[in-house]
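**Q** Dropping in final-v4.cif, which is mmCIF, C-alpha atoms:
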data_my_file
#
loop_
_atom_site.label_atom_id
_atom_site.label_comp_id
_atom_site.auth_asym_id
_atom_site.auth_seq_id
_atom_site.Cartn_x
_atom_site.Cartn_y
_atom_site.Cartn_z
CA MET A 1 53.09 -154.04 -72.07
CA PRO A 2 52.40 -157.77 -72.52
CA PRO A 3 51.56 -159.76 -69.39
CA GLY A 4 54.20 -162.06 -67.90
CA PRO A 5 53.92 -165.83 -67.85
CA LEU A 6 51.29 -167.30 -65.57
CA PRO A 7 52.42 -169.47 -62.65
CA GLY A 8 52.84 -172.99 -63.82
CA SER A 9 53.49 -172.04 -67.45
CA PRO A 10 56.83 -171.99 -69.26
CA GLY A 11 58.31 -168.62 -69.90
CA PRO A 12 61.54 -166.67 -70.18
CA SER A 13 62.07 -166.76 -66.43
CA GLY A 14 62.40 -170.51 -66.42
CA SER A 15 64.68 -172.90 -68.20
CA PRO A 16 63.67 -173.96 -71.72
CA GLY A 17 61.00 -176.61 -71.63
CA ARG A 18 60.50 -176.33 -67.86
CA ALA A 19 57.40 -175.01 -66.10
CA VAL A 20 57.52 -172.56 -63.25
CA ALA A 21 56.23 -174.32 -60.14
CA ARG A 22 53.14 -172.89 -58.48
CA HIS A 23 53.49 -171.25 -55.11
CA GLY A 24 50.04 -170.54 -53.73
CA TRP A 25 48.30 -171.34 -50.46
CA ALA A 26 48.31 -175.10 -51.05
CA GLN A 27 52.06 -175.14 -51.58
CA ALA A 28 52.58 -172.91 -48.52
CA LEU A 29 50.46 -175.27 -46.42
CA GLY A 30 52.51 -178.22 -47.66
CA THR A 31 55.75 -176.45 -46.70
CA VAL A 32 54.55 -175.60 -43.19
CA LEU A 33 53.07 -179.05 -42.57
CA ALA A 34 56.26 -180.73 -43.76
CA GLY A 35 58.29 -178.62 -41.34
CA LEU A 36 55.94 -179.32 -38.44
CA VAL A 37 55.88 -183.08 -39.09
CA ALA A 38 59.67 -183.26 -39.41
CA MET A 39 60.29 -181.25 -36.26
CA GLY A 40 57.62 -183.07 -34.28
CA GLY A 41 58.94 -186.44 -35.39
CA VAL A 42 62.53 -185.68 -34.43
CA ALA A 43 61.43 -184.20 -31.10
CA ALA A 44 59.19 -187.17 -30.30
CA LEU A 45 61.88 -189.72 -31.11
CA GLY A 46 64.48 -187.83 -29.09
CA LEU A 47 62.20 -187.45 -26.08
CA TRP A 48 61.19 -191.10 -26.31
CA ALA A 49 64.86 -192.11 -26.29
CA ALA A 50 65.33 -189.87 -23.24
CA GLY A 51 62.50 -191.64 -21.40
CA ALA A 52 59.90 -188.88 -21.59
CA ALA A 53 57.26 -191.32 -22.85
CA ASP A 54 56.87 -192.47 -19.23
CA LEU A 55 55.81 -189.04 -17.96
CA PRO A 56 52.56 -189.09 -15.94
CA ASP A 57 49.17 -187.73 -16.98
CA ARG A 58 49.76 -188.49 -20.66
CA ALA A 59 52.02 -185.48 -20.85
CA PHE A 60 54.25 -186.77 -23.63
CA PRO A 61 52.45 -185.01 -26.54
CA ARG A 62 52.49 -181.69 -24.70
CA VAL A 63 56.19 -182.05 -23.94
CA VAL A 64 56.80 -182.69 -27.65
CA VAL A 65 54.90 -179.49 -28.47
CA ALA A 66 56.90 -177.56 -25.85
CA THR A 67 60.10 -178.89 -27.41
CA PHE A 68 58.95 -177.58 -30.78
CA VAL A 69 58.20 -174.18 -29.22
CA THR A 70 61.67 -173.88 -27.72
CA SER A 71 63.31 -175.07 -30.95
CA VAL A 72 62.08 -171.97 -32.81
CA GLY A 73 63.07 -169.57 -30.04
CA GLY A 74 59.76 -169.59 -28.20
CA ALA A 75 59.56 -168.99 -24.48
CA VAL A 76 58.46 -171.86 -22.21
CA GLU A 77 58.15 -170.78 -18.59
CA MET A 78 58.53 -173.18 -15.66
CA SER A 79 56.12 -172.85 -12.78
CA GLY A 80 55.73 -174.48 -9.39
CA ASP A 81 53.12 -174.74 -6.63
CA ALA A 82 53.82 -176.29 -3.26
CA GLY A 83 51.19 -174.60 -1.15
CA GLU A 84 51.67 -172.13 1.69
CA LEU A 85 54.15 -174.27 3.62
CA ALA A 86 56.58 -174.96 0.81
CA ALA A 87 58.25 -173.29 -2.12
CA THR A 88 59.44 -174.35 -5.53
CA ASP A 89 61.71 -172.67 -8.02
CA ALA A 90 62.42 -173.85 -11.57
CA GLY A 91 63.65 -172.47 -14.89
CA LEU A 92 64.82 -173.77 -18.25
CA THR A 93 66.47 -172.03 -21.19
CA VAL A 94 67.76 -174.25 -23.97
CA MET A 95 67.10 -174.67 -27.68
CA PRO A 96 67.02 -178.29 -28.93
CA LEU A 97 69.05 -177.47 -32.01
CA SER A 98 68.63 -180.87 -33.69
CA VAL A 99 64.92 -180.08 -33.95
CA THR A 100 65.70 -176.51 -35.00
CA LEU A 101 68.06 -177.61 -37.77
CA THR A 102 65.63 -180.23 -39.07
CA GLY A 103 62.83 -177.68 -39.36
CA ALA A 104 65.09 -175.11 -40.98
CA LEU A 105 66.26 -177.54 -43.67
CA VAL A 106 62.76 -178.82 -44.48
CA ILE A 107 61.11 -175.39 -44.58
CA ALA A 108 63.97 -173.89 -46.59
CA ARG A 109 63.66 -176.65 -49.16
CA GLY A 110 59.90 -176.14 -49.42
CA PHE A 111 60.37 -172.38 -49.76
CA LEU A 112 62.97 -172.67 -52.52
CA ARG A 113 61.32 -175.46 -54.50
CA PRO A 114 58.86 -173.28 -56.48
CA LEU A 115 61.65 -170.80 -57.25
CA ARG A 116 63.88 -173.25 -59.08
CA HIS A 117 64.54 -172.72 -62.78
CA ARG A 118 63.95 -168.99 -62.40
CA ALA A 119 66.49 -166.39 -63.45
CA VAL A 120 64.89 -163.51 -61.50
CA VAL A 121 61.91 -163.02 -59.24
CA GLY A 122 60.01 -159.85 -58.41
CA ALA A 123 60.12 -158.48 -54.88
CA ARG A 124 56.31 -158.44 -54.67
CA GLU A 125 56.04 -162.05 -55.83
CA LEU A 126 58.72 -163.19 -53.40
CA ALA A 127 57.11 -161.30 -50.51
CA GLY A 128 53.72 -162.82 -51.33
CA TRP A 129 55.13 -166.35 -51.33
CA ALA A 130 56.97 -165.79 -48.04
CA GLY A 131 53.90 -164.07 -46.57
CA ARG A 132 51.67 -167.10 -47.22
CA ILE A 133 54.13 -169.32 -45.38
CA ALA A 134 54.37 -166.79 -42.54
CA VAL A 135 50.59 -166.61 -42.07
CA LEU A 136 50.27 -170.39 -41.78
CA TRP A 137 53.35 -170.54 -39.55
CA LEU A 138 51.74 -167.95 -37.28
CA LEU A 139 48.68 -170.17 -36.89
CA ALA A 140 50.95 -173.10 -36.05
CA LEU A 141 52.76 -171.04 -33.40
CA LEU A 142 49.47 -169.98 -31.83
CA GLY A 143 48.25 -173.58 -31.70
CA ALA A 144 51.51 -174.81 -30.22
CA GLY A 145 51.53 -171.98 -27.69
CA PHE A 146 48.11 -172.95 -26.35
CA ALA A 147 48.91 -176.69 -26.36
CA ALA A 148 52.29 -176.54 -24.60
CA ARG A 149 50.98 -176.48 -21.02
CA GLN A 150 51.34 -179.21 -18.40
CA THR A 151 51.72 -179.71 -14.64
CA PHE A 152 53.44 -182.62 -12.85
CA GLU A 153 53.40 -183.69 -9.21
CA VAL A 154 56.89 -183.88 -7.71
CA SER A 155 57.82 -186.70 -5.39
CA LEU A 156 59.48 -185.63 -2.12
CA GLY A 157 61.49 -188.82 -2.03
CA GLU A 158 62.32 -190.30 1.37
CA GLY A 159 63.45 -188.79 4.64
CA LEU A 160 62.60 -185.57 6.46
CA LEU A 161 61.13 -183.70 3.47
CA SER A 162 58.81 -186.62 2.73
CA ASP A 163 57.70 -186.83 6.37
CA LEU A 164 56.96 -183.11 6.46
CA GLY A 165 55.05 -183.36 3.21
CA ASP A 166 52.88 -186.17 4.56
CA LEU A 167 52.32 -184.33 7.85
CA PHE A 168 51.17 -181.07 6.30
CA GLY A 169 49.62 -182.52 3.15
CA VAL A 170 52.11 -180.83 0.84
CA ARG A 171 51.91 -182.06 -2.74
CA PRO A 172 54.36 -179.91 -4.70
CA THR A 173 53.89 -179.58 -8.44
CA VAL A 174 56.02 -178.20 -11.22
CA GLY A 175 54.91 -177.50 -14.75
CA PHE A 176 55.44 -175.41 -17.82
CA THR A 177 53.46 -172.95 -19.85
CA THR A 178 54.13 -170.82 -22.90
CA ASP A 179 54.70 -167.09 -23.07
CA LEU A 180 52.52 -166.67 -26.14
CA PRO A 181 53.56 -163.16 -27.29
CA LEU A 182 57.27 -163.98 -27.08
CA THR A 183 56.72 -167.34 -28.76
CA VAL A 184 54.93 -165.70 -31.69
CA LEU A 185 57.53 -162.94 -31.97
CA PHE A 186 60.61 -165.15 -31.87
CA GLY A 187 58.94 -167.88 -33.91
CA LEU A 188 58.24 -165.43 -36.74
CA LEU A 189 61.76 -164.01 -36.50
CA TRP A 190 63.11 -167.56 -36.71
CA LEU A 191 61.07 -168.21 -39.85
CA ALA A 192 62.24 -164.94 -41.41
CA GLY A 193 65.84 -165.87 -40.71
CA VAL A 194 65.38 -169.30 -42.29
CA LEU A 195 63.81 -167.89 -45.46
CA VAL A 196 66.39 -165.13 -45.88
CA LEU A 197 69.29 -167.52 -45.27
CA ALA A 198 67.79 -170.00 -47.74
CA LEU A 199 67.79 -167.32 -50.45
CA LEU A 200 71.35 -166.33 -49.62
CA VAL A 201 72.73 -169.86 -49.59
CA SER A 202 71.08 -171.46 -52.62
CA HIS A 203 72.92 -170.73 -55.87
CA ARG A 204 69.82 -171.75 -57.85
CA ALA A 205 67.38 -169.43 -56.10
CA PRO A 206 66.63 -166.17 -57.92
CA LEU A 207 67.02 -162.83 -56.22
CA PRO A 208 64.96 -159.69 -56.81
CA GLY A 209 66.31 -157.64 -59.68
CA ARG A 210 67.63 -154.89 -57.39
CA LEU A 211 69.87 -157.27 -55.43
CA PRO A 212 72.16 -158.88 -58.04
CA GLY A 213 75.29 -157.94 -56.10
CA LEU A 214 74.44 -160.40 -53.35
CA ARG A 215 75.26 -163.26 -55.71
CA THR A 216 78.96 -162.47 -55.61
CA THR A 217 79.29 -160.78 -52.21
CA VAL A 218 77.07 -162.35 -49.56
CA ARG A 219 75.99 -165.63 -51.15
CA PRO A 220 79.44 -167.37 -51.31
CA ALA A 221 80.20 -166.52 -47.67
CA ALA A 222 76.76 -167.60 -46.47
CA TYR A 223 77.06 -170.88 -48.36
CA ALA A 224 80.48 -171.54 -46.86
CA MET A 225 79.26 -170.92 -43.30
CA VAL A 226 76.23 -173.18 -43.67
CA ALA A 227 78.49 -175.86 -45.14
CA LEU A 228 80.84 -175.45 -42.16
CA LEU A 229 78.01 -175.85 -39.62
CA LEU A 230 76.60 -178.88 -41.44
CA ALA A 231 80.07 -180.44 -41.62
CA TYR A 232 80.35 -180.24 -37.84
CA VAL A 233 76.93 -181.84 -37.50
CA VAL A 234 77.92 -184.68 -39.84
CA VAL A 235 81.10 -185.29 -37.85
CA GLY A 236 79.01 -185.25 -34.69
CA VAL A 237 76.62 -187.83 -36.13
CA VAL A 238 79.51 -190.15 -36.95
CA VAL A 239 80.97 -189.79 -33.45
CA ALA A 240 77.55 -190.33 -31.85
CA LEU A 241 76.94 -193.52 -33.84
CA VAL A 242 80.35 -194.88 -32.84
CA VAL A 243 79.63 -194.06 -29.18
CA ALA A 244 76.19 -195.69 -29.38
CA ALA A 245 77.71 -198.85 -30.86
CA THR A 246 80.61 -199.17 -28.40
CA ARG A 247 79.22 -197.99 -25.05
CA ASP A 248 76.37 -198.78 -22.71
CA ARG A 249 72.99 -197.01 -22.78
CA PRO A 250 72.76 -196.19 -26.50
CA ALA A 251 69.33 -194.65 -25.90
CA ASP A 252 70.99 -191.70 -24.14
CA THR A 253 73.28 -191.18 -27.12
CA PHE A 254 70.34 -191.22 -29.53
CA ALA A 255 68.50 -188.74 -27.30
CA VAL A 256 71.42 -186.34 -27.65
CA LEU A 257 71.61 -187.04 -31.39
CA LEU A 258 67.93 -186.29 -31.97
CA LEU A 259 67.54 -183.37 -29.59
CA GLY A 260 70.79 -181.51 -29.11
CA LEU A 261 73.64 -182.66 -31.36
CA PRO A 262 74.34 -179.13 -32.69
CA ASN A 263 74.26 -177.93 -29.07
CA LEU A 264 77.51 -179.89 -28.69
CA ALA A 265 78.94 -179.80 -32.23
CA TRP A 266 78.72 -176.05 -32.79
CA PRO A 267 80.24 -175.01 -29.45
CA ALA A 268 82.98 -177.52 -30.29
CA LEU A 269 83.73 -175.35 -33.34
CA THR A 270 84.16 -172.28 -31.14
CA ILE A 271 86.30 -174.20 -28.64
CA GLY A 272 88.47 -175.41 -31.50
CA LEU A 273 88.96 -171.76 -32.46
CA GLY A 274 90.21 -171.09 -28.94
CA ALA A 275 87.03 -169.73 -27.36
CA THR A 276 86.16 -170.24 -23.69
CA TRP A 277 82.81 -171.17 -22.19
CA ASN A 278 81.83 -170.97 -18.52
CA GLY A 279 79.44 -173.37 -16.86
CA ARG A 280 78.53 -175.61 -13.98
CA VAL A 281 76.62 -178.82 -13.29
CA GLU A 282 75.32 -179.22 -9.74
CA GLY A 283 73.07 -181.80 -8.11
CA PRO A 284 71.45 -184.91 -9.53
CA PHE A 285 69.95 -183.09 -12.49
CA GLY A 286 71.98 -182.61 -15.62
CA LEU A 287 71.81 -182.53 -19.37
CA PRO A 288 72.98 -185.31 -21.66
CA MET A 289 76.56 -184.48 -22.55
CA PRO A 290 79.91 -186.22 -23.09
CA ARG A 291 81.51 -187.56 -19.94
CA VAL A 292 84.58 -185.33 -20.26
CA LEU A 293 82.41 -182.20 -20.41
CA ASP A 294 80.36 -183.31 -17.40
CA GLU A 295 83.58 -183.87 -15.43
CA VAL A 296 84.89 -180.40 -16.27
CA LEU A 297 81.58 -178.74 -15.35
CA ARG A 298 80.87 -180.68 -12.14
CA THR A 299 83.04 -178.60 -9.81
CA PRO A 300 82.28 -176.52 -6.68
CA ASP A 301 82.74 -173.26 -8.56
CA VAL A 302 82.04 -171.99 -12.06
CA SER A 303 84.16 -173.99 -14.48
CA THR A 304 86.18 -172.86 -17.47
CA VAL A 305 85.63 -174.92 -20.61
CA ASN A 306 88.19 -174.61 -23.37
CA VAL A 307 90.43 -176.92 -25.33
CA GLY A 308 93.03 -176.85 -22.55
CA THR A 309 90.72 -177.82 -19.67
CA LEU A 310 89.10 -180.52 -21.77
CA ALA A 311 92.46 -181.92 -22.88
CA GLU A 312 93.59 -182.18 -19.25
CA ARG A 313 90.98 -184.92 -18.82
CA ASP A 314 91.11 -186.40 -22.31
CA GLY A 315 94.06 -185.73 -24.61
CA ARG A 316 91.94 -186.45 -27.67
CA MET A 317 90.30 -183.05 -27.21
CA TRP A 318 93.29 -181.46 -28.96
CA TRP A 319 91.72 -182.80 -32.16
CA LEU A 320 89.15 -180.02 -31.81
CA LEU A 321 91.89 -177.59 -32.79
CA VAL A 322 92.89 -179.72 -35.79
CA ALA A 323 89.28 -180.11 -36.92
CA ALA A 324 88.69 -176.35 -36.69
CA ALA A 325 91.82 -175.60 -38.74
CA VAL A 326 90.92 -178.07 -41.49
CA LEU A 327 87.22 -177.26 -41.73
CA VAL A 328 87.54 -173.46 -41.49
CA LEU A 329 90.25 -173.50 -44.17
CA SER A 330 87.97 -175.68 -46.29
CA ALA A 331 85.21 -173.11 -45.82
CA GLY A 332 87.61 -170.40 -47.00
CA PHE A 333 88.48 -172.42 -50.09
CA LEU A 334 84.80 -173.12 -50.78
CA MET A 335 83.91 -169.43 -50.51
CA ALA A 336 86.78 -168.36 -52.78
CA SER A 337 85.88 -170.97 -55.40
CA ARG A 338 82.40 -169.42 -55.68
CA CYS A 339 83.63 -165.82 -55.95
CA PRO A 340 84.86 -164.04 -59.10
CA ALA A 341 88.46 -164.98 -59.89
CA ARG A 342 89.56 -161.33 -60.06
CA LEU A 343 88.71 -160.69 -56.40
CA PRO A 344 91.85 -159.88 -54.33
CA ALA A 345 92.84 -162.31 -51.61
CA TRP A 346 92.60 -159.70 -48.86
CA LEU A 347 88.94 -159.11 -49.69
CA HIS A 348 88.28 -162.85 -49.42
CA ALA A 349 89.90 -162.71 -46.00
CA VAL A 350 87.73 -159.82 -44.83
CA ARG A 351 84.51 -161.43 -46.05
CA LEU A 352 85.26 -164.77 -44.41
CA ALA A 353 86.27 -163.03 -41.18
CA VAL A 354 82.95 -161.18 -41.00
CA ALA A 355 80.98 -164.30 -41.91
CA LEU A 356 82.77 -166.49 -39.35
CA ALA A 357 82.38 -163.85 -36.64
CA LEU A 358 78.63 -163.64 -37.27
CA THR A 359 78.42 -167.44 -37.23
CA VAL A 360 80.21 -167.68 -33.88
CA LEU A 361 77.99 -164.90 -32.53
CA MET A 362 74.94 -166.93 -33.55
CA ILE A 363 76.34 -170.05 -31.90
CA GLY A 364 76.98 -168.13 -28.71
CA LEU A 365 73.43 -166.82 -28.60
CA VAL A 366 71.53 -170.02 -29.43
CA GLY A 367 73.93 -172.44 -27.71
CA ARG A 368 73.45 -171.15 -24.18
CA VAL A 369 72.05 -173.60 -21.64
CA SER A 370 70.46 -172.76 -18.31
CA ALA A 371 68.33 -175.01 -16.10
CA HIS A 372 67.62 -175.10 -12.37
CA TYR A 373 65.14 -176.62 -9.94
CA GLY A 374 64.75 -176.50 -6.18
CA LEU A 375 62.24 -177.34 -3.43
CA SER A 376 61.94 -176.56 0.27
CA VAL A 377 59.33 -177.42 2.92
CA LEU A 378 59.13 -175.11 5.97
CA GLY A 379 62.51 -173.75 4.91
CA ILE A 380 64.14 -177.18 5.11
CA GLY A 381 65.99 -177.95 1.94
CA ASP A 382 66.56 -174.27 1.12
CA LEU A 383 65.31 -174.97 -2.38
CA GLY A 384 68.06 -177.52 -2.40
CA GLY A 385 68.95 -180.73 -0.66
CA GLY A 386 68.69 -183.82 -2.78
CA LEU A 387 65.99 -182.27 -4.96
CA ALA A 388 68.00 -179.35 -6.30
CA GLY A 389 69.84 -179.10 -9.56
CA GLN A 390 71.56 -176.47 -11.65
CA VAL A 391 73.07 -176.59 -15.10
CA PHE A 392 74.36 -173.67 -17.13
CA LEU A 393 76.78 -173.16 -19.98
CA ARG A 394 77.47 -169.85 -21.66
CA PRO A 395 80.31 -168.47 -23.80
CA ARG A 396 82.66 -165.59 -23.29
CA LEU A 397 80.99 -164.18 -26.32
CA TRP A 398 83.08 -161.24 -27.47
CA GLY A 399 86.34 -163.09 -26.99
CA ALA A 400 84.98 -165.87 -29.18
CA VAL A 401 83.88 -163.36 -31.85
CA GLY A 402 87.33 -161.75 -31.83
CA LEU A 403 89.03 -165.11 -32.31
CA ALA A 404 86.64 -165.89 -35.16
CA LEU A 405 87.67 -162.65 -36.88
CA LEU A 406 91.34 -163.62 -36.68
CA TRP A 407 90.71 -167.17 -37.89
CA GLY A 408 88.55 -165.86 -40.71
CA LEU A 409 91.23 -163.46 -41.92
CA VAL A 410 93.87 -166.18 -42.06
CA ALA A 411 91.61 -168.92 -43.49
CA GLY A 412 90.06 -166.53 -46.02
CA PHE A 413 93.45 -165.42 -47.32
CA LEU A 414 94.87 -168.95 -47.50
CA GLY A 415 91.64 -170.27 -49.00
CA ALA A 416 91.81 -167.67 -51.76
CA LEU A 417 95.40 -168.60 -52.59
CA LEU A 418 94.49 -172.29 -52.58
CA ALA A 419 91.48 -171.69 -54.84
CA ARG A 420 93.65 -169.78 -57.32
CA TRP A 421 96.25 -172.53 -57.33
CA ALA A 422 93.60 -175.19 -57.87
CA GLY A 423 91.94 -173.15 -60.62
CA GLY A 424 95.22 -172.57 -62.42
CA ARG A 425 96.15 -176.23 -62.20
CA SER A 426 92.74 -177.23 -63.53
CA ARG A 427 93.14 -174.93 -66.55
CA ARG A 428 96.61 -176.35 -67.27
CA VAL A 429 95.26 -179.90 -67.17
CA ARG A 430 92.47 -179.02 -69.64
CA HIS A 431 94.97 -177.50 -72.07
#
Reformat the file's structure so that it appears as structure tokens.
**A**
Amino acid sequence: MPPGPLPGSPGPSGSPGRAVARHGWAQALGTVLAGLVAMGGVAALGLWAAGAADLPDRAFPRVVVATFVTSVGGAVEMSGDAGELAATDAGLTVMPLSVTLTGALVIARGFLRPLRHRAVVGARELAGWAGRIAVLWLLALLGAGFAARQTFEVSLGEGLLSDLGDLFGVRPTVGFTTDLPLTVLFGLLWLAGVLVLALLVSHRAPLPGRLPGLRTTVRPAAYAMVALLLAYVVVGVVVALVVAATRDRPADTFAVLLLGLPNLAWPALTIGLGATWNGRVEGPFGLPMPRVLDEVLRTPDVSTVNVGTLAERDGRMWWLLVAAAVLVLSAGFLMASRCPARLPAWLHAVRLAVALALTVLMIGLVGRVSAHYGLSVLGIGDLGGGLAGQVFLRPRLWGAVGLALLWGLVAGFLGALLARWAGGRSRRVRH
């Protein structure tokens, strides 16, 4: 049996006259470094816009690294130490999805680049290429896990707590450290998800010879869902730029844009579908968010966030429903236009329903926000007072998934009919 073409040489697996790009350790290192630089740059700019460059003890680089860790699903644990006469309590769970999305796009592009102009690819070759990236990514996760550690001294402010602190020499501190095993585990799972999704979405990427059916079953739906998520991000960017240009404190808007725009844009998709989130903002601490959302969440009890409660404070929130209808229907049309023409409309509906439900499930899992902090000295303050804060936002997950199934069925069916009508009209015009 004659040997196959060497990497870098033209052969039957590539297009005529084109060479197959190499994908060895050097190319894997370039892919990982590009992802790290892109994610670190976005995180640093976002934190700088949020004012984190003024943190004491030259902590800014370590905070950037911690932001990277959380963006790939890693676990950053908050810690506090106030001595024997005081107590601190702190916690933070949030993924800066702007950083996450940036890294996913850059790494996916680097992973797919050597596979262009290939008709098929062997499973062993594909696994070897992904494995090289994974090994280098593992080293990056280990380095970030050891670097993301910092402690800050907390000011007691003025008043009774400050007087007690001076009297008893209390100097409370709060800091963060990384749960290294969980960071490595979730960071590798994140990378695996990015690489698999990249293969499923790209129509140019080859698939192993035993998986040709994915081209016409999974790939169109995956492409449509990624396009839907990116469309919401693009709309969010436009809105954020308008807000930055027309309102005070544009730095805050750019901080949201660079750190957590998908944290707002993607839940907006679920709210437009009719989903409900529960949350609360308490105390002086909060997360950057639109004013209308902050008003809904800043109540004595747990708040309900849906299109109705938002529209009570700002009637423009009804546009979330319109945007969801237009963009989800567009996703249905896009999926149908990439599927075989003979496929029945009901099957389009089922596929889009499953894909949209999985997408909403993902949003519900990665879009959760939870943060709290409290301090007490000799029991005064009760881990509260003026130094306490709490923020959380979480979806009613299974209700949101059920609504996504219904929307997917309707949009998939209508999208299939629309794609057939457009295809038939296009053929008539050509003739």
**Q** Would you pick out the contacts of range 55-60 of chain A at 10 Å or less, using all atoms listed in the file, so that residues sharing its chain but fewer than 6 positions from it are not included, and give the list as number ranges by chain?
**A** A: 44, 47-48, 66, 148-153
**Q** Any chance you could work out the residue set of the PyMOL selection byres ((chain A and resi 129-142) around 9) here, as a PDB file with C-alpha atoms, keeping the file's coordinate frame?
**A**
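Result file follows (expr_6.pdb):
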ATOM      1  CA  HIS A  23      53.490-171.250 -55.110  1.00  0.00           C
ATOM      2  CA  GLY A  24      50.040-170.540 -53.730  1.00  0.00           C
ATOM      3  CA  TRP A  25      48.300-171.340 -50.460  1.00  0.00           C
ATOM      4  CA  GLN A  27      52.060-175.140 -51.580  1.00  0.00           C
ATOM      5  CA  ALA A  28      52.580-172.910 -48.520  1.00  0.00           C
ATOM      6  CA  LEU A  29      50.460-175.270 -46.420  1.00  0.00           C
ATOM      7  CA  THR A  31      55.750-176.450 -46.700  1.00  0.00           C
ATOM      8  CA  VAL A  32      54.550-175.600 -43.190  1.00  0.00           C
ATOM      9  CA  LEU A  36      55.940-179.320 -38.440  1.00  0.00           C
ATOM     10  CA  VAL A  69      58.200-174.180 -29.220  1.00  0.00           C
ATOM     11  CA  GLY A  74      59.760-169.590 -28.200  1.00  0.00           C
ATOM     12  CA  PHE A 111      60.370-172.380 -49.760  1.00  0.00           C
ATOM     13  CA  ARG A 124      56.310-158.440 -54.670  1.00  0.00           C
ATOM     14  CA  GLU A 125      56.040-162.050 -55.830  1.00  0.00           C
ATOM     15  CA  LEU A 126      58.720-163.190 -53.400  1.00  0.00           C
ATOM     16  CA  ALA A 127      57.110-161.300 -50.510  1.00  0.00           C
ATOM     17  CA  GLY A 128      53.720-162.820 -51.330  1.00  0.00           C
ATOM     18  CA  GLY A 143      48.250-173.580 -31.700  1.00  0.00           C
ATOM     19  CA  ALA A 144      51.510-174.810 -30.220  1.00  0.00           C
ATOM     20  CA  GLY A 145      51.530-171.980 -27.690  1.00  0.00           C
ATOM     21  CA  PHE A 146      48.110-172.950 -26.350  1.00  0.00           C
ATOM     22  CA  ALA A 147      48.910-176.690 -26.360  1.00  0.00           C
ATOM     23  CA  LEU A 180      52.520-166.670 -26.140  1.00  0.00           C
ATOM     24  CA  THR A 183      56.720-167.340 -28.760  1.00  0.00           C
ATOM     25  CA  VAL A 184      54.930-165.700 -31.690  1.00  0.00           C
ATOM     26  CA  GLY A 187      58.940-167.880 -33.910  1.00  0.00           C
ATOM     27  CA  LEU A 188      58.240-165.430 -36.740  1.00  0.00           C
ATOM     28  CA  LEU A 191      61.070-168.210 -39.850  1.00  0.00           C
ATOM     29  CA  ALA A 192      62.240-164.940 -41.410  1.00  0.00           C
ATOM     30  CA  LEU A 195      63.810-167.890 -45.460  1.00  0.00           C
TER      31      LEU A 195
END
**Q** Any idea what the distance is between CA of Asn278 in chain A and CA of Val238 in chain A?
**A**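 Computing it gives 26.7 Å between the two atoms.
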**Q** Just to confirm, what's the straight-line distance from CA of Gly213 in chain A to CA of Ala331 in chain A in Å (one decimal)?
**A** 20.8 Å
**Q** Counting all atoms listed in the file, what is within 10 Å of Leu343 in chain A, bar same-chain residues fewer than 4 positions away, as a VMD selection string?
**A** chain A and resid 216 336 339 347 to 348 416
**Q** Between A:Pro267, A:Gly73, A:Gly279, A:Gly260, which residue has the minimum interatomic distance to Ala43 in chain A, considering only C-alpha atoms?
**A**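 The shortest atom-to-atom distance to Ala43 in chain A comes from A:Gly260.
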**Q** In terms of the shortest atom-to-atom distance over only C-alpha atoms, which of A:Ala265, A:Leu200, A:Ala419, A:Ala349 is closest to Arg215 in chain A?
**A** A:Leu200
**Q** Hey, can you check how far CA of Gly415 in chain A sits from CA of Gly332 in chain A?
**A**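 CA of Gly415 in chain A sits 4.5 Å away from CA of Gly332 in chain A.
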**Q** Using the chain letters and residue numbers of this document, give as a VMD selection string the residues selected by the PyMOL selection byres ((chain A and resi 293) around 12).
**A** chain A and resid 264 267 to 268 277 to 281 286 to 292 294 to 299 303 to 307 309 to 314 317 393
**Q** Using all atoms listed in the file and a cutoff of 10 Å, can you tell me which residues are near (78.2, -173.0, -33.4) in the file's coordinates, and write them out as JSON, numbers by chain?
**A** {"A": [228, 229, 232, 233, 262, 263, 264, 265, 266, 267, 268, 269, 270, 271, 356, 359, 360, 361, 362, 363, 364, 365, 366, 367]}
**Q** Neighbours of range 405-410 of chain A within 9 Å (all atoms listed in the file; same-chain residues fewer than 2 positions away dropped), as a PyMOL selection string?
**A** chain A and resi 273+325+328-329+332+346+348-357+400-403+412-415
**Q** Go through A:Gly272, A:Ser98, A:Val63, A:Ala345 and flag the residue nearest Val326 in chain A, using only C-alpha atoms for the distances.
**A** A:Gly272
**Q** Looking at A:Pro61, A:Pro114, A:Gly41, A:Pro395, which one is nearest to Arg204 in chain A, with distances taken over only C-alpha atoms?
**A** A:Pro114
**Q** From the options A:Val256, A:Arg113, A:Val106, A:Phe186, which residue's atoms come nearest to Val76 in chain A, counting only C-alpha atoms?
**A**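 That would be A:Phe186, the residue with the smallest distance to Val76 in chain A.
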**Q** Measuring atom to atom with only C-alpha atoms, identify which of A:Val201, A:Val121, A:Val72, A:Ala104 is nearest to Ala222 in chain A.
**A**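 The closest residue to Ala222 in chain A is A:Val201.
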**Q** Given the file shown, determine the residues that the PyMOL selection byres ((chain A and resi 219) around 9) selects; report them as a PyMOL selection string.
**A** chain A and resi 199-203+214-218+220-224+335+338
